[in-house]
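Right, one structure below, let's go through it.
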Amino acid sequence: VEGYEDQEWLRGQLEGAGLVAFVPDGAVLPRSAGHLDTPLVGSSVVPFKSPLSLHVTFQCPNRGAVAGMGIRQGVTLIAGGGFHGKTTLLSALKLGVYSKIPGDGREYLVTTPSATKIRAEDGRSIVGVDISNFINNLPQKKDTGNFHSSDASGSTSQAAAIMEYLELGGQCLMIDEDTAATNFMVRDNKIQLLLPPDKEPIKPFLYRARELYDSLGVSSVLVVGGSGDYLDVADCVLLLDNYSVSDVTDRAKQVAAQCPASIPTLPKMLLPKPRAVEPHCLNPFLGKSKVLNQSTVSYMLQNEETPSNLDLSALEQIVEVGQTRFILEVLIKLSSERSPCGVREVLSRIDKDIEERGLGCVKDSSNWLCRPRLFEMAGAINRFRELKLSNNRF
């Protein structure tokens with residue numbers, strides 16, 4: 001209990017310290033297997049050690065002093081060669097929104113509560129999302145200010161996920177280039193020469209990462225192994241070498257100065273307007289709906305004989321099937337709303353109800369439920385293929 005209290009306290013200190021994450025010295029980040037959440041053991045394990053330039057110490061209420069690496073607000077790159085631990089570090093950071101039990105290896109590794117991993121998601125449904133900050137001038141004059149797709153591409157899905165996240169007030173994006181759409185992340189100089197800007201609808205994340213922080217206060221933590229142009233927009237560059245971390249920011253800035261990226265000036269980025277859901281569209285969850293596994297909810301549409309599935313596999317911070325069960329109960333609860341409800345507004349209300357009344361705020365028998373974050377609850381709504389929005393925006 002004291003360990004949990006300390007980790008919750010530590011997470012609450014990040015913003016005041018100008019940090020988005022903290023990784024304690026001695027942490028064991030790699031897992032024993034891809035399908036297991038137990039720490040790797042053996043002589044090959046390299047315990048985490050902070051670079052001196054990023055070293056910070058916190059005095060926790062119970063444990064006392066905890067020292068390690070502080071990742072500052074802004075744009076942080078995690079660079080390095082293949083298989084040197086970049087994704088392992090980011091995977092640990094994305095789960096730093098949850099406190100760990102003793103023996104996990106990642107105790108006291110914490111990230112800011114809204115930190116969310118974003119990825120490309122080919123084939124997902126998108127309903128009424130303004131992706132014009134990143135994509136416009138599509139063929140056949142398709143409206144990107146109110147974008148709809150039942151079969152999104154990697155780039156449109158990633159743009160939509162970011163804008164949906166900003167709609168919820170998130171403050172820290174996490175992206176791994178391995179699970180991102182390449183054409184959404186970067187356009188190198190040769191492609192820019194071959195394909196003029198007026199022929200390319202996509203404004204890569206590279207062009208917006210700096211503005212996201214400087215103008216909107218949204219930090220980014222990015223794993224990069226092949227996109228060197230990001231050195232031009234980074235506040236901090238971490239290098240993973242044989243699973244050890246060093247701060248190479250100064251050297252990265254020298255490299256960027258020698259070979260600068262071509263980053264155009266774009267129109268000012270605007271936050272999305274809140275969307276309102278028509279509650280009746282969620283009625284399919286009132287019938288024969290059930291949780292099949294951690295990432296899948298089954299439901300039955302009217303006049304259909306076979307069930308449809310709500311795919312939550314891209315929501316990487318759902319870590320327990322009880323969270324998915326809770327999300328289903330939220331969808332059922334929202335279907336009974338009498339009028340259109342703003343996504344952020346109604347889910348923030350449910351989040352507050354959890355604080356005051358516990359998990360029973362959505363279902364009397366809550367023995368098999370676990371608390372998800374607002375971001376995963378909204379992610380489920382946004383991926384529902386029968387989602388309908390009100391014309392009125394909140």
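A note on labels: chains of the structure tokens are A, B, ... as shown, every chain counts residues from 1, and ligands are counted from 1 in their shown order.
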
Among stretch 95-262 of chain A, which residues carry a DSSP assignment of alpha helix (DSSP H), reported as a PyMOL selection string? chain A and resi 154-167+182-185+189-194+205-216+249-258

Write out as a PyMOL selection string which residues come within 8 Å of stretch 65-77 of chain A when counting only C-alpha atoms, dropping same-chain ones fewer than 2 positions away. chain A and resi 18-25+49-51+54-60+63+79+209-210+213-214+217-224+230-231+233-238

Kindly save the residues from that selection, with N, CA, C and O atoms included, as a compact mmCIF listing (two decimals), in the first residue's frame.
# COMPACT_ATOMS: atom_id res chain seq x y z
N GLY A 18 8.10 20.14 -14.12
CA GLY A 18 8.35 20.34 -15.55
C GLY A 18 8.66 19.06 -16.29
O GLY A 18 9.33 19.07 -17.33
N LEU A 19 8.17 17.93 -15.77
CA LEU A 19 8.46 16.61 -16.36
C LEU A 19 7.19 15.96 -16.90
O LEU A 19 6.08 16.25 -16.46
N VAL A 20 7.39 15.04 -17.86
CA VAL A 20 6.28 14.19 -18.31
C VAL A 20 6.48 12.76 -17.85
O VAL A 20 5.55 11.95 -17.90
N ALA A 21 7.70 12.42 -17.40
CA ALA A 21 7.95 11.05 -16.94
C ALA A 21 9.18 11.00 -16.05
O ALA A 21 10.03 11.90 -16.07
N PHE A 22 9.22 9.92 -15.25
CA PHE A 22 10.36 9.67 -14.36
C PHE A 22 10.66 8.19 -14.39
O PHE A 22 9.75 7.35 -14.24
N VAL A 23 11.93 7.84 -14.62
CA VAL A 23 12.37 6.44 -14.65
C VAL A 23 13.41 6.25 -13.55
O VAL A 23 14.50 6.85 -13.61
N PRO A 24 13.14 5.43 -12.53
CA PRO A 24 14.07 5.31 -11.41
C PRO A 24 15.32 4.51 -11.76
O PRO A 24 15.27 3.56 -12.57
N ASP A 25 16.41 4.88 -11.17
CA ASP A 25 17.63 4.07 -11.30
C ASP A 25 17.37 2.68 -10.74
O ASP A 25 16.69 2.51 -9.71
N LYS A 49 19.88 3.18 -15.63
CA LYS A 49 20.70 4.18 -14.94
C LYS A 49 20.55 5.50 -15.68
O LYS A 49 20.73 5.58 -16.89
N SER A 50 20.21 6.54 -14.95
CA SER A 50 19.96 7.85 -15.55
C SER A 50 21.25 8.54 -16.00
O SER A 50 22.26 8.48 -15.30
N PRO A 51 21.21 9.22 -17.13
CA PRO A 51 22.32 10.13 -17.46
C PRO A 51 22.39 11.24 -16.41
O PRO A 51 21.36 11.69 -15.89
N LEU A 54 20.21 14.45 -16.72
CA LEU A 54 18.75 14.34 -16.53
C LEU A 54 18.41 13.78 -15.15
O LEU A 54 17.25 13.45 -14.89
N HIS A 55 19.38 13.69 -14.29
CA HIS A 55 19.20 13.05 -12.98
C HIS A 55 18.39 13.95 -12.04
O HIS A 55 18.69 15.13 -11.89
N VAL A 56 17.36 13.37 -11.43
CA VAL A 56 16.55 14.10 -10.45
C VAL A 56 16.28 13.18 -9.26
O VAL A 56 16.35 11.95 -9.38
N THR A 57 15.96 13.77 -8.12
CA THR A 57 15.64 13.01 -6.91
C THR A 57 14.35 13.54 -6.31
O THR A 57 14.15 14.75 -6.22
N PHE A 58 13.46 12.62 -5.92
CA PHE A 58 12.22 12.97 -5.23
C PHE A 58 12.23 12.34 -3.84
O PHE A 58 12.75 11.24 -3.64
N GLN A 59 11.65 13.05 -2.89
CA GLN A 59 11.49 12.53 -1.53
C GLN A 59 10.06 12.03 -1.36
O GLN A 59 9.13 12.80 -1.12
N CYS A 60 9.86 10.73 -1.52
CA CYS A 60 8.51 10.16 -1.42
C CYS A 60 8.06 10.10 0.04
O CYS A 60 8.89 9.95 0.95
N ARG A 63 8.74 5.91 1.21
CA ARG A 63 10.04 5.31 0.92
C ARG A 63 11.20 6.28 1.16
O ARG A 63 12.31 5.85 1.49
N ALA A 79 16.41 7.61 -29.46
CA ALA A 79 17.10 7.15 -30.67
C ALA A 79 18.01 5.98 -30.33
O ALA A 79 18.22 5.64 -29.16
N ALA A 209 5.19 18.94 -34.58
CA ALA A 209 5.63 18.53 -33.24
C ALA A 209 6.08 19.72 -32.40
O ALA A 209 5.76 19.83 -31.20
N ARG A 210 6.85 20.62 -33.01
CA ARG A 210 7.34 21.79 -32.27
C ARG A 210 6.18 22.69 -31.86
O ARG A 210 6.10 23.16 -30.73
N TYR A 213 3.93 21.65 -28.86
CA TYR A 213 4.40 22.02 -27.52
C TYR A 213 4.45 23.52 -27.31
O TYR A 213 3.96 24.04 -26.30
N ASP A 214 5.03 24.23 -28.24
CA ASP A 214 5.24 25.67 -28.06
C ASP A 214 3.93 26.44 -27.96
O ASP A 214 3.82 27.40 -27.18
N GLY A 217 1.14 23.36 -25.63
CA GLY A 217 1.59 22.73 -24.40
C GLY A 217 1.53 21.22 -24.39
O GLY A 217 1.53 20.60 -23.33
N VAL A 218 1.50 20.61 -25.60
CA VAL A 218 1.41 19.14 -25.69
C VAL A 218 2.80 18.58 -26.01
O VAL A 218 3.37 18.86 -27.06
N SER A 219 3.34 17.80 -25.09
CA SER A 219 4.66 17.20 -25.26
C SER A 219 4.58 15.97 -26.15
O SER A 219 3.52 15.36 -26.32
N SER A 220 5.73 15.58 -26.71
CA SER A 220 5.83 14.37 -27.51
C SER A 220 7.06 13.58 -27.07
O SER A 220 8.12 14.16 -26.86
N VAL A 221 6.89 12.27 -26.94
CA VAL A 221 8.01 11.36 -26.71
C VAL A 221 8.01 10.39 -27.89
O VAL A 221 7.05 9.63 -28.08
N LEU A 222 9.07 10.44 -28.70
CA LEU A 222 9.09 9.73 -29.97
C LEU A 222 10.26 8.76 -30.05
O LEU A 222 11.40 9.14 -29.76
N VAL A 223 10.00 7.53 -30.47
CA VAL A 223 11.06 6.59 -30.79
C VAL A 223 11.41 6.77 -32.26
O VAL A 223 10.55 6.65 -33.14
N VAL A 224 12.67 7.09 -32.54
CA VAL A 224 13.12 7.27 -33.92
C VAL A 224 14.40 6.48 -34.15
O VAL A 224 15.31 6.51 -33.35
N TYR A 230 13.88 14.65 -37.28
CA TYR A 230 13.31 15.01 -35.98
C TYR A 230 14.35 15.63 -35.05
O TYR A 230 13.99 16.28 -34.05
N LEU A 231 15.63 15.47 -35.35
CA LEU A 231 16.66 16.13 -34.54
C LEU A 231 16.48 17.64 -34.55
O LEU A 231 16.83 18.33 -33.59
N VAL A 233 13.78 19.37 -34.37
CA VAL A 233 12.68 19.88 -33.54
C VAL A 233 12.75 19.39 -32.10
O VAL A 233 11.87 19.71 -31.29
N ALA A 234 13.79 18.65 -31.76
CA ALA A 234 13.86 18.01 -30.43
C ALA A 234 14.41 18.95 -29.37
O ALA A 234 15.32 19.74 -29.62
N ASP A 235 13.86 18.85 -28.17
CA ASP A 235 14.43 19.50 -26.99
C ASP A 235 15.46 18.62 -26.32
O ASP A 235 16.42 19.10 -25.72
N CYS A 236 15.23 17.31 -26.39
CA CYS A 236 16.12 16.34 -25.72
C CYS A 236 16.22 15.10 -26.60
O CYS A 236 15.21 14.63 -27.14
N VAL A 237 17.43 14.58 -26.75
CA VAL A 237 17.64 13.35 -27.52
C VAL A 237 18.33 12.33 -26.63
O VAL A 237 19.45 12.56 -26.15
N LEU A 238 17.65 11.21 -26.39
CA LEU A 238 18.21 10.10 -25.62
C LEU A 238 18.73 9.05 -26.59
O LEU A 238 18.08 8.75 -27.59

Record the distance separating atom CA of A:Ala161 and atom CA of A:Arg275, expressed in Å with one decimal.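 Value for the atom CA of A:Ala161-atom CA of A:Arg275 distance: 14.1 Å.
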
For A:Leu369, work out the shell of residues within 10 Å, counting only C-alpha atoms and skipping chain neighbours fewer than 5 positions away, then give it as a VMD selection string. chain A and resid 320 to 327 329 359 to 360 362 to 363

Filtered DSSP result for stretch 86-177 of chain A, state strand (DSSP E), as a ChimeraX atom specification: /A:110-111,116-117,126-129,147-149,172-176

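Distances here use only C-alpha atoms; by that measure, the residue among A:Asn146, A:Ser91, A:Gln192, A:Ser44 closest to A:Pro264 is A:Gln192.
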
Return as CSV the residues of stretch 177-260 of chain A lying at most 6 Å from stretch 104-122 of chain A, together with the closest atom-to-atom pair for each and the distance in Å to one decimal, counting only C-alpha atoms, with rows in chain order and ascending residue number.
residue,atom,partner,partner_atom,distance
A:Thr179,CA,A:Arg119,CA,5.5
A:Ala180,CA,A:Ala120,CA,4.9
A:Ala181,CA,A:Ala120,CA,5.6

Store the residues picked out above, limited to C-alpha atoms, as a PDB file, in the first residue's frame.
ATOM      1  CA  THR A 179       3.904   1.416 -35.403  1.00  0.00           C
ATOM      2  CA  ALA A 180       3.422   4.766 -37.155  1.00  0.00           C
ATOM      3  CA  ALA A 181       2.567   5.591 -40.760  1.00  0.00           C
TER       4      ALA A 181
END

What are the nearest atom pairs, with distances in Å to one decimal, for all residues of stretch 258-318 of chain A that come at most 12 Å from stretch 193-198 of chain A, using only C-alpha atoms, set out by chain and rising residue number as a tab-separated table?
residue	atom	partner	partner_atom	distance
A:Ser262	CA	A:Leu193	CA	10.8
A:Ile263	CA	A:Pro197	CA	11.5
A:Pro264	CA	A:Pro197	CA	9.7
A:Thr265	CA	A:Pro197	CA	11.9
A:Leu266	CA	A:Pro197	CA	11.4

Atom CA of A:Asp241 sits from atom CA of A:Pro47 at a separation of 13.2 Å

Proximity to A:Asp6 - best of A:Ala27, A:Ile101, A:Leu40, A:Leu240, only C-alpha atoms: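 Of A:Ala27, A:Ile101, A:Leu40, A:Leu240, the one nearest A:Asp6 is A:Ile101, counting only C-alpha atoms.
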